[in-house]
$ cat work-v5.cif   # mmCIF, C-alpha atoms and all ligand atoms
data_work
#
loop_
_atom_site.group_PDB
_atom_site.id
_atom_site.type_symbol
_atom_site.label_atom_id
_atom_site.label_comp_id
_atom_site.auth_asym_id
_atom_site.auth_seq_id
_atom_site.Cartn_x
_atom_site.Cartn_y
_atom_site.Cartn_z
ATOM 1 C CA MET A 1 0.000 0.000 0.000
ATOM 2 C CA SER A 2 1.168 3.569 -0.615
ATOM 3 C CA LEU A 3 1.624 6.042 2.231
ATOM 4 C CA ARG A 4 -1.500 7.862 1.042
ATOM 5 C CA GLU A 5 -3.551 4.655 1.280
ATOM 6 C CA ASP A 6 -2.094 3.832 4.710
ATOM 7 C CA VAL A 7 -2.989 7.333 5.924
ATOM 8 C CA GLU A 8 -6.533 7.100 4.568
ATOM 9 C CA ALA A 9 -7.081 3.803 6.401
ATOM 10 C CA LEU A 10 -6.417 5.348 9.829
ATOM 11 C CA PRO A 11 -8.191 7.847 12.120
ATOM 12 C CA TRP A 12 -6.379 11.197 12.528
ATOM 13 C CA TYR A 13 -6.618 14.046 15.013
ATOM 14 C CA HIS A 14 -3.787 16.248 13.706
ATOM 15 C CA VAL A 15 -3.526 17.632 10.218
ATOM 16 C CA MET A 16 0.118 16.888 9.379
ATOM 17 C CA GLU A 17 2.195 17.218 6.255
ATOM 18 C CA LEU A 18 3.989 13.978 5.464
ATOM 19 C CA PRO A 19 6.452 13.312 2.641
ATOM 20 C CA GLY A 20 5.168 13.086 -0.930
ATOM 21 C CA GLY A 21 2.548 15.794 -0.428
ATOM 22 C CA VAL A 22 0.444 13.536 1.808
ATOM 23 C CA VAL A 23 -1.592 15.491 4.370
ATOM 24 C CA THR A 24 -3.309 13.624 7.202
ATOM 25 C CA PRO A 25 -7.074 14.325 7.309
ATOM 26 C CA GLY A 26 -7.185 15.366 10.971
ATOM 27 C CA ALA A 27 -9.974 17.087 12.864
ATOM 28 C CA ASP A 28 -7.539 19.668 14.275
ATOM 29 C CA ASP A 29 -5.072 21.745 12.282
ATOM 30 C CA PRO A 30 -2.322 22.504 14.828
ATOM 31 C CA ARG A 31 -0.445 24.644 12.313
ATOM 32 C CA ASP A 32 -2.744 27.509 13.399
ATOM 33 C CA ARG A 33 -1.927 26.979 17.102
ATOM 34 C CA LEU A 34 1.814 26.462 16.659
ATOM 35 C CA PRO A 35 2.828 30.168 16.553
ATOM 36 C CA LEU A 36 0.723 30.885 19.656
ATOM 37 C CA LEU A 37 2.786 28.431 21.726
ATOM 38 C CA ARG A 38 5.981 30.452 21.167
ATOM 39 C CA LEU A 39 8.191 27.406 21.266
ATOM 40 C CA PRO A 40 11.879 28.254 20.846
ATOM 41 C CA GLU A 41 12.747 28.407 17.140
ATOM 42 C CA ASP A 42 16.039 26.685 17.909
ATOM 43 C CA MET A 43 15.653 23.710 20.240
ATOM 44 C CA THR A 44 19.093 22.282 19.588
ATOM 45 C CA GLY A 45 20.159 19.889 22.312
ATOM 46 C CA LEU A 46 16.972 20.126 24.375
ATOM 47 C CA THR A 47 15.158 17.175 25.875
ATOM 48 C CA VAL A 48 11.407 17.548 25.352
ATOM 49 C CA LEU A 49 8.356 15.785 26.764
ATOM 50 C CA ASP A 50 5.072 16.213 24.839
ATOM 51 C CA VAL A 51 2.284 15.232 27.260
ATOM 52 C CA GLY A 52 -0.875 14.088 25.470
ATOM 53 C CA ALA A 53 0.888 13.946 22.113
ATOM 54 C CA TRP A 54 -1.880 12.098 20.187
ATOM 55 C CA ASP A 55 -0.690 11.931 16.531
ATOM 56 C CA GLY A 56 2.521 13.721 17.507
ATOM 57 C CA PHE A 57 2.411 16.964 15.502
ATOM 58 C CA PHE A 58 4.135 18.969 18.250
ATOM 59 C CA SER A 59 6.622 16.198 19.070
ATOM 60 C CA PHE A 60 7.750 16.046 15.441
ATOM 61 C CA GLU A 61 7.920 19.850 15.299
ATOM 62 C CA CYS A 62 10.244 19.956 18.353
ATOM 63 C CA GLU A 63 12.445 17.320 16.737
ATOM 64 C CA ARG A 64 12.473 19.361 13.501
ATOM 65 C CA ARG A 65 13.668 22.362 15.541
ATOM 66 C CA GLY A 66 16.672 20.389 16.733
ATOM 67 C CA ALA A 67 15.655 18.819 20.058
ATOM 68 C CA ALA A 68 18.135 16.125 21.058
ATOM 69 C CA ARG A 69 15.468 13.840 22.493
ATOM 70 C CA VAL A 70 11.691 14.034 22.266
ATOM 71 C CA VAL A 71 9.306 11.777 24.163
ATOM 72 C CA ALA A 72 5.658 11.658 23.082
ATOM 73 C CA ALA A 73 3.472 10.550 25.997
ATOM 74 C CA ASP A 74 -0.182 9.571 25.784
ATOM 75 C CA TRP A 75 -2.574 6.816 26.621
ATOM 76 C CA PHE A 76 -6.223 7.690 26.011
ATOM 77 C CA ALA A 77 -5.925 8.708 22.373
ATOM 78 C CA TRP A 78 -3.767 5.689 21.609
ATOM 79 C CA HIS A 79 -6.040 3.096 23.170
ATOM 80 C CA ARG A 80 -9.623 4.265 23.174
ATOM 81 C CA ALA A 81 -11.372 3.399 19.923
ATOM 82 C CA ALA A 82 -13.540 6.512 20.241
ATOM 83 C CA HIS A 83 -10.404 8.683 20.139
ATOM 84 C CA GLY A 84 -8.041 7.147 17.653
ATOM 85 C CA SER A 85 -5.208 4.749 17.301
ATOM 86 C CA LYS A 86 -1.528 4.759 18.193
ATOM 87 C CA ARG A 87 -0.908 3.371 14.714
ATOM 88 C CA SER A 88 -1.501 6.882 13.334
ATOM 89 C CA PHE A 89 1.346 8.292 15.470
ATOM 90 C CA GLU A 90 3.548 5.351 14.488
ATOM 91 C CA LEU A 91 2.840 5.736 10.779
ATOM 92 C CA ALA A 92 3.638 9.471 10.895
ATOM 93 C CA ARG A 93 6.860 8.704 12.779
ATOM 94 C CA GLU A 94 7.897 6.132 10.156
ATOM 95 C CA ALA A 95 6.977 8.420 7.265
ATOM 96 C CA LEU A 96 8.945 11.328 8.736
ATOM 97 C CA GLY A 97 11.958 9.142 9.591
ATOM 98 C CA SER A 98 11.560 10.435 13.134
ATOM 99 C CA LYS A 99 13.349 9.225 16.268
ATOM 100 C CA VAL A 100 10.672 10.524 18.665
ATOM 101 C CA ASP A 101 10.222 8.033 21.525
ATOM 102 C CA ASP A 102 6.795 7.078 22.782
ATOM 103 C CA VAL A 103 5.673 6.294 26.313
ATOM 104 C CA GLU A 104 2.217 5.113 27.270
ATOM 105 C CA ILE A 105 1.418 6.915 30.470
ATOM 106 C CA ARG A 106 -1.299 9.111 31.965
ATOM 107 C CA VAL A 107 -0.286 12.591 33.023
ATOM 108 C CA GLU A 108 -1.138 11.772 36.649
ATOM 109 C CA ASP A 109 1.462 8.978 36.606
ATOM 110 C CA LEU A 110 4.381 11.086 35.339
ATOM 111 C CA SER A 111 7.357 10.975 37.693
ATOM 112 C CA PRO A 112 11.139 11.285 37.361
ATOM 113 C CA GLU A 113 11.401 7.585 38.232
ATOM 114 C CA ARG A 114 9.010 6.543 35.466
ATOM 115 C CA ILE A 115 10.087 8.881 32.684
ATOM 116 C CA GLY A 116 13.034 11.081 33.703
ATOM 117 C CA THR A 117 13.147 14.883 33.628
ATOM 118 C CA PHE A 118 13.083 17.230 30.650
ATOM 119 C CA ASP A 119 14.408 20.652 29.662
ATOM 120 C CA LEU A 120 11.059 21.543 28.115
ATOM 121 C CA VAL A 121 7.657 20.039 28.832
ATOM 122 C CA LEU A 122 4.797 20.732 26.449
ATOM 123 C CA PHE A 123 1.356 20.328 28.013
ATOM 124 C CA ALA A 124 -1.037 21.277 25.220
ATOM 125 C CA GLY A 125 -4.739 20.603 25.140
ATOM 126 C CA VAL A 126 -4.772 18.300 28.158
ATOM 127 C CA LEU A 127 -5.357 20.287 31.377
ATOM 128 C CA TYR A 128 -9.121 20.566 30.888
ATOM 129 C CA HIS A 129 -9.364 16.804 30.303
ATOM 130 C CA VAL A 130 -8.079 15.885 33.761
ATOM 131 C CA ARG A 131 -10.405 15.534 36.731
ATOM 132 C CA ASP A 132 -7.847 16.935 39.157
ATOM 133 C CA PRO A 133 -5.800 19.714 37.512
ATOM 134 C CA LEU A 134 -3.571 20.378 40.548
ATOM 135 C CA ARG A 135 -2.627 16.732 40.809
ATOM 136 C CA ALA A 136 -1.830 16.684 37.086
ATOM 137 C CA LEU A 137 0.280 19.845 37.363
ATOM 138 C CA ASP A 138 2.128 18.381 40.361
ATOM 139 C CA ALA A 139 3.059 15.408 38.169
ATOM 140 C CA VAL A 140 4.056 17.663 35.270
ATOM 141 C CA ALA A 141 6.175 19.778 37.636
ATOM 142 C CA SER A 142 7.981 16.669 38.886
ATOM 143 C CA VAL A 143 9.390 15.994 35.401
ATOM 144 C CA THR A 144 10.063 19.617 34.371
ATOM 145 C CA ASP A 145 13.643 20.741 34.822
ATOM 146 C CA GLY A 146 13.501 23.951 32.825
ATOM 147 C CA ASP A 147 10.532 25.284 30.868
ATOM 148 C CA LEU A 148 6.856 24.456 30.722
ATOM 149 C CA VAL A 149 4.666 25.445 27.775
ATOM 150 C CA LEU A 150 1.025 25.076 28.778
ATOM 151 C CA GLU A 151 -1.766 25.494 26.216
ATOM 152 C CA THR A 152 -5.336 25.028 27.335
ATOM 153 C CA HIS A 153 -9.010 25.845 27.143
ATOM 154 C CA VAL A 154 -10.068 28.778 29.349
ATOM 155 C CA ASP A 155 -13.441 30.105 30.532
ATOM 156 C CA LEU A 156 -14.712 33.007 32.680
ATOM 157 C CA VAL A 157 -11.894 35.124 31.303
ATOM 158 C CA LEU A 158 -13.534 38.429 32.264
ATOM 159 C CA LYS A 159 -13.207 37.562 35.961
ATOM 160 C CA ARG A 160 -9.999 38.898 37.434
ATOM 161 C CA LYS A 161 -10.104 36.648 40.501
ATOM 162 C CA PRO A 162 -9.159 32.970 40.115
ATOM 163 C CA ALA A 163 -12.220 30.987 39.025
ATOM 164 C CA ALA A 164 -13.016 27.897 37.004
ATOM 165 C CA ALA A 165 -16.081 26.696 35.164
ATOM 166 C CA PHE A 166 -16.953 23.082 35.970
ATOM 167 C CA TYR A 167 -18.403 20.872 33.245
ATOM 168 C CA PRO A 168 -19.648 17.757 35.103
ATOM 169 C CA ALA A 169 -21.820 16.420 32.285
ATOM 170 C CA GLY A 170 -20.327 17.275 28.927
ATOM 171 C CA GLU A 171 -21.331 20.946 29.021
ATOM 172 C CA LEU A 172 -18.216 21.821 27.000
ATOM 173 C CA THR A 173 -18.717 20.611 23.396
ATOM 174 C CA GLY A 174 -20.669 17.566 24.613
ATOM 175 C CA ASP A 175 -17.399 15.797 25.441
ATOM 176 C CA PRO A 176 -17.630 14.122 28.875
ATOM 177 C CA THR A 177 -13.810 14.174 29.164
ATOM 178 C CA ASN A 178 -13.833 17.991 29.333
ATOM 179 C CA TRP A 179 -13.973 18.821 33.052
ATOM 180 C CA TRP A 180 -12.630 22.313 33.730
ATOM 181 C CA GLY A 181 -12.465 25.784 32.263
ATOM 182 C CA PRO A 182 -10.166 27.794 34.543
ATOM 183 C CA ASN A 183 -9.639 31.499 33.890
ATOM 184 C CA HIS A 184 -6.223 33.101 33.458
ATOM 185 C CA ALA A 185 -5.786 33.959 37.140
ATOM 186 C CA ALA A 186 -6.696 30.395 38.150
ATOM 187 C CA ILE A 187 -4.134 28.896 35.786
ATOM 188 C CA GLU A 188 -1.435 31.277 36.977
ATOM 189 C CA GLY A 189 -2.315 30.404 40.580
ATOM 190 C CA MET A 190 -2.289 26.668 39.887
ATOM 191 C CA LEU A 191 1.116 26.910 38.230
ATOM 192 C CA ARG A 192 2.570 28.775 41.222
ATOM 193 C CA ALA A 193 0.890 26.388 43.677
ATOM 194 C CA THR A 194 2.584 23.458 41.963
ATOM 195 C CA GLY A 195 6.061 24.967 42.171
ATOM 196 C CA PHE A 196 6.429 26.819 38.879
ATOM 197 C CA THR A 197 7.995 30.290 38.765
ATOM 198 C CA ASP A 198 8.296 33.013 36.122
ATOM 199 C CA VAL A 199 4.703 32.408 35.033
ATOM 200 C CA VAL A 200 3.889 34.443 31.916
ATOM 201 C CA ARG A 201 0.793 34.387 29.762
ATOM 202 C CA VAL A 202 2.020 34.529 26.177
ATOM 203 C CA PHE A 203 -1.415 34.267 24.532
ATOM 204 C CA PRO A 204 -3.572 36.263 24.652
ATOM 205 C CA ARG A 205 -1.124 38.927 25.735
ATOM 206 C CA THR A 206 -3.353 41.862 26.596
ATOM 207 C CA ARG A 207 -6.680 42.305 28.330
ATOM 208 C CA MET A 208 -7.858 44.498 25.457
ATOM 209 C CA TYR A 209 -7.253 41.676 22.971
ATOM 210 C CA GLU A 210 -9.122 39.304 25.291
ATOM 211 C CA LEU A 211 -12.064 41.715 25.573
ATOM 212 C CA MET A 212 -12.266 42.011 21.795
ATOM 213 C CA ARG A 213 -12.290 38.211 21.511
ATOM 214 C CA VAL A 214 -15.079 37.917 24.076
ATOM 215 C CA LEU A 215 -17.184 40.514 22.247
ATOM 216 C CA LYS A 216 -16.600 38.862 18.874
ATOM 217 C CA ARG A 217 -17.418 35.355 20.088
ATOM 218 C CA ARG A 218 -20.038 36.395 22.651
ATOM 219 C CA SER A 219 -18.361 33.876 24.908
ATOM 220 C CA GLN A 220 -15.834 33.937 27.733
ATOM 221 C CA GLN A 221 -14.367 30.669 26.482
ATOM 222 C CA GLY A 222 -11.201 30.457 24.440
ATOM 223 C CA ARG A 223 -7.628 29.220 24.498
ATOM 224 C CA ALA A 224 -4.590 30.528 26.353
ATOM 225 C CA VAL A 225 -0.885 29.753 26.473
ATOM 226 C CA PHE A 226 1.385 30.137 29.498
ATOM 227 C CA HIS A 227 5.122 29.768 29.924
ATOM 228 C CA ALA A 228 6.616 28.909 33.302
ATOM 229 C CA LYS A 229 9.847 27.632 34.776
ATOM 230 C CA ARG A 230 10.836 25.004 37.263
ATOM 231 C CA MET A 231 14.426 24.243 38.112
ATOM 232 C CA LEU A 232 15.165 20.931 39.811
ATOM 233 C CA ARG A 233 18.969 21.292 39.475
ATOM 234 C CA LEU A 234 20.237 24.315 41.333
HETATM 235 C C1 LIG A 301 -7.251 17.784 22.713
HETATM 236 S S1 LIG A 301 -6.076 16.512 22.575
HETATM 237 C C2 LIG A 301 -4.581 17.445 22.477
HETATM 238 C C3 LIG A 301 -3.524 16.753 21.648
HETATM 239 C C4 LIG A 301 -2.246 17.567 21.460
HETATM 240 N N1 LIG A 301 -1.505 17.717 22.693
HETATM 241 C C5 LIG A 301 -2.568 18.910 20.877
HETATM 242 O O1 LIG A 301 -2.445 19.922 21.574
HETATM 243 O O2 LIG A 301 -2.962 18.966 19.716
HETATM 244 C C6 LIG A 301 -6.032 15.845 24.209
HETATM 245 C C7 LIG A 301 -4.960 14.804 24.431
HETATM 246 O O3 LIG A 301 -4.818 14.626 25.832
HETATM 247 C C8 LIG A 301 -4.721 13.256 26.081
HETATM 248 N N2 LIG A 301 -5.144 13.040 27.463
HETATM 249 C C9 LIG A 301 -6.352 13.187 28.007
HETATM 250 N N3 LIG A 301 -6.332 12.896 29.313
HETATM 251 C C10 LIG A 301 -5.066 12.564 29.598
HETATM 252 C C11 LIG A 301 -4.394 12.150 30.762
HETATM 253 N N4 LIG A 301 -5.014 12.024 31.932
HETATM 254 N N5 LIG A 301 -3.067 11.870 30.653
HETATM 255 C C12 LIG A 301 -2.418 12.022 29.490
HETATM 256 N N6 LIG A 301 -2.994 12.416 28.349
HETATM 257 C C13 LIG A 301 -4.302 12.665 28.415
HETATM 258 C C14 LIG A 301 -5.596 12.586 25.060
HETATM 259 O O4 LIG A 301 -5.285 11.233 24.918
HETATM 260 C C15 LIG A 301 -5.272 13.438 23.842
HETATM 261 O O5 LIG A 301 -4.151 12.972 23.176
#
$ encode --input "work-v5.cif" --output "structure tokens"
Amino acid sequence: MSLREDVEALPWYHVMELPGGVVTPGADDPRDRLPLLRLPEDMTGLTVLDVGAWDGFFSFECERRGAARVVAADWFAWHRAAHGSKRSFELAREALGSKVDDVEIRVEDLSPERIGTFDLVLFAGVLYHVRDPLRALDAVASVTDGDLVLETHVDLVLKRKPAAAFYPAGELTGDPTNWWGPNHAAIEGMLRATGFTDVVRVFPRTRMYELMRVLKRRSQQGRAVFHAKRMLRL
């Protein structure tokens, strides 16, 4: 079978460009989100953990930027038929000639003993899927020895005090795995409470931009990106 036929036979979440002009027919085009994450252009020599990697778009992008070692971690999307299949990640890895490692693990189970520590941890699109965000961030912090890039769904963004919307029964997009919509202040507070420092919101950058978004969408829901640091080696 050709690569195109192999791709068409599998479920995809990420739109990804593979060799030979093959583009995976994913539900999500992460090429739009990539600039918002503000990943370092040059990642030469870095060790990177991509938590909740799914088809691996961001893992492969970090490798392309020169990362010395990239680990793609996931479980749900690789094993639950309703989500997808790990075979999609594996096929993309083969097609790209990538050396990205894969580890099957839930974010709550991350620990230095299980997986090691990393210069940069990418935690994109996962926080709102966990039942206990502080516990998940504790686990993420335990394996971060440098920088965290956190991308997530947000809600209640007009509130200045820390607050979070709770979606106990699929209120967010009908997906019962969406639990929480924290606002910016809540995410900043959670990051500090789990040992991160130098917390900066890199998207959206200004309150005016956020207000314009809220007016345009008539909704306080959206996405946000935070950078933070945690140094284990002093
Ligand atoms: C919305 S997708 C985001 C995929 C990718 N990180 C991105 O930003 O495009 C959510 C991902 O989080 C993963 N996920 C959900 N709950 C998780 C958990 N408790 N531990 C690890 N990954 C989880 C899913 O398997 C899925 O791959």
$ closest_atom_pairs --input "work-v5.cif" --of "stretch 36-81 of chain A" --to "stretch 97-113 of chain A" --cutoff "12 Å" --atoms "all atoms listed in the file" --output "CSV"
residue,atom,partner,partner_atom,distance
A:Thr47,CA,A:Val100,CA,10.8
A:Val48,CA,A:Val100,CA,9.7
A:Leu49,CA,A:Asp101,CA,9.5
A:Asp50,CA,A:Asp102,CA,9.5
A:Val51,CA,A:Val107,CA,6.8
A:Gly52,CA,A:Val107,CA,7.7
A:Ala53,CA,A:Asp102,CA,9.1
A:Trp54,CA,A:Asp102,CA,10.4
A:Asp55,CA,A:Asp102,CA,10.9
A:Gly56,CA,A:Val100,CA,8.8
A:Phe57,CA,A:Val100,CA,10.9
A:Phe58,CA,A:Val100,CA,10.7
A:Ser59,CA,A:Val100,CA,7.0
A:Phe60,CA,A:Val100,CA,7.0
A:Glu61,CA,A:Val100,CA,10.3
A:Cys62,CA,A:Val100,CA,9.4
A:Glu63,CA,A:Val100,CA,7.3
A:Arg64,CA,A:Ser98,CA,9.0
A:Gly66,CA,A:Lys99,CA,11.7
A:Ala67,CA,A:Val100,CA,9.8
A:Ala68,CA,A:Val100,CA,9.6
A:Arg69,CA,A:Val100,CA,7.0
A:Val70,CA,A:Val100,CA,5.1
A:Val71,CA,A:Asp101,CA,4.7
A:Ala72,CA,A:Asp102,CA,4.7
A:Ala73,CA,A:Val103,CA,4.8
A:Asp74,CA,A:Glu104,CA,5.3
A:Trp75,CA,A:Glu104,CA,5.1
A:Phe76,CA,A:Arg106,CA,7.9
A:Ala77,CA,A:Glu104,CA,10.2
A:Trp78,CA,A:Glu104,CA,8.3
A:His79,CA,A:Glu104,CA,9.4
$ closest_residue --input "work-v5.cif" --among "A:Pro168, A:Gly26, A:Gly222, A:Gly116" --to "ligand LIG 301 (chain A)" --atoms "all atoms listed in the file"
A:Gly26
$ resolve_selection --input "work-v5.cif" --expression "the PyMOL selection byres (((chain A and resi 187) around 10) and not hetatm)" --output "number ranges by chain"
A: 127, 133-134, 150, 152, 154, 162-164, 181-186, 188-193, 199, 201, 224-226
$ atom_distance --input "work-v5.cif" --atom1 "atom CA of A:Arg33" --atom2 "atom CA of A:Pro204"
12.1 Å
$ closest_residue --input "work-v5.cif" --among "A:Pro40, A:Gly84, A:Gly21, A:Pro35" --to "ligand LIG 301 (chain A)" --atoms "only C-alpha atoms and all ligand atoms"
A:Gly84
$ residues_around --input "work-v5.cif" --residues "A:Asp145" --least-positions-apart "3" --cutoff "7 Å" --atoms "all atoms listed in the file" --output "list of chain:residue names"
A:Thr117, A:Phe118, A:Asp119, A:Arg230, A:Met231, A:Leu232
$ closest_residue --input "work-v5.cif" --among "A:Arg131, A:Leu211, A:Asp147, A:Phe203" --to "A:Lys159" --atoms "all atoms listed in the file"
A:Leu211
$ residues_around --input "work-v5.cif" --residues "stretch 4-7 of chain A" --least-positions-apart "4" --cutoff "8 Å" --atoms "only C-alpha atoms" --output "PDB file with C-alpha atoms, in the frame of the given file"
ATOM      1  CA  VAL A  22       0.444  13.536   1.808  1.00  0.00           C
ATOM      2  CA  THR A  24      -3.309  13.624   7.202  1.00  0.00           C
ATOM      3  CA  SER A  88      -1.501   6.882  13.334  1.00  0.00           C
ATOM      4  CA  LEU A  91       2.840   5.736  10.779  1.00  0.00           C
TER       5      LEU A  91
END
$ closest_residue --input "work-v5.cif" --among "A:Met1, A:Leu46, A:Val130, A:Ala228" --to "ligand LIG 301 (chain A)" --atoms "only C-alpha atoms and all ligand atoms"
A:Val130
$ build_atoms --input "work-v5.cif" --residues "stretch 195-210 of chain A" --atoms "N, CA and C atoms" --output "tab-separated table (two decimals), keeping the file's coordinate frame"
chain	number	residue	atom	x	y	z
A	195	GLY	N	4.61	24.81	42.13
A	195	GLY	CA	6.06	24.97	42.17
A	195	GLY	C	6.68	25.64	40.96
A	196	PHE	N	5.86	26.12	40.03
A	196	PHE	CA	6.43	26.82	38.88
A	196	PHE	C	6.68	28.29	39.23
A	197	THR	N	7.69	28.86	38.59
A	197	THR	CA	8.00	30.29	38.76
A	197	THR	C	7.97	30.96	37.39
A	198	ASP	N	8.20	32.26	37.39
A	198	ASP	CA	8.30	33.01	36.12
A	198	ASP	C	7.10	32.73	35.21
A	199	VAL	N	5.91	32.74	35.81
A	199	VAL	CA	4.70	32.41	35.03
A	199	VAL	C	4.32	33.61	34.16
A	200	VAL	N	4.23	33.37	32.86
A	200	VAL	CA	3.89	34.44	31.92
A	200	VAL	C	2.81	33.93	30.97
A	201	ARG	N	1.79	34.75	30.78
A	201	ARG	CA	0.79	34.39	29.76
A	201	ARG	C	1.28	34.95	28.43
A	202	VAL	N	1.50	34.07	27.47
A	202	VAL	CA	2.02	34.53	26.18
A	202	VAL	C	0.92	34.64	25.13
A	203	PHE	N	-0.25	34.08	25.40
A	203	PHE	CA	-1.42	34.27	24.53
A	203	PHE	C	-2.68	34.07	25.36
A	204	PRO	N	-3.68	34.95	25.27
A	204	PRO	CA	-3.57	36.26	24.65
A	204	PRO	C	-2.78	37.19	25.56
A	205	ARG	N	-2.08	38.13	24.95
A	205	ARG	CA	-1.12	38.93	25.74
A	205	ARG	C	-1.76	40.06	26.49
A	206	THR	N	-2.79	40.67	25.93
A	206	THR	CA	-3.35	41.86	26.60
A	206	THR	C	-4.83	41.65	26.92
A	207	ARG	N	-5.27	42.39	27.94
A	207	ARG	CA	-6.68	42.30	28.33
A	207	ARG	C	-7.57	42.89	27.23
A	208	MET	N	-7.08	43.90	26.53
A	208	MET	CA	-7.86	44.50	25.46
A	208	MET	C	-8.12	43.47	24.35
A	209	TYR	N	-7.10	42.71	24.00
A	209	TYR	CA	-7.25	41.68	22.97
A	209	TYR	C	-8.28	40.64	23.44
A	210	GLU	N	-8.19	40.28	24.74
A	210	GLU	CA	-9.12	39.30	25.29
A	210	GLU	C	-10.56	39.84	25.23
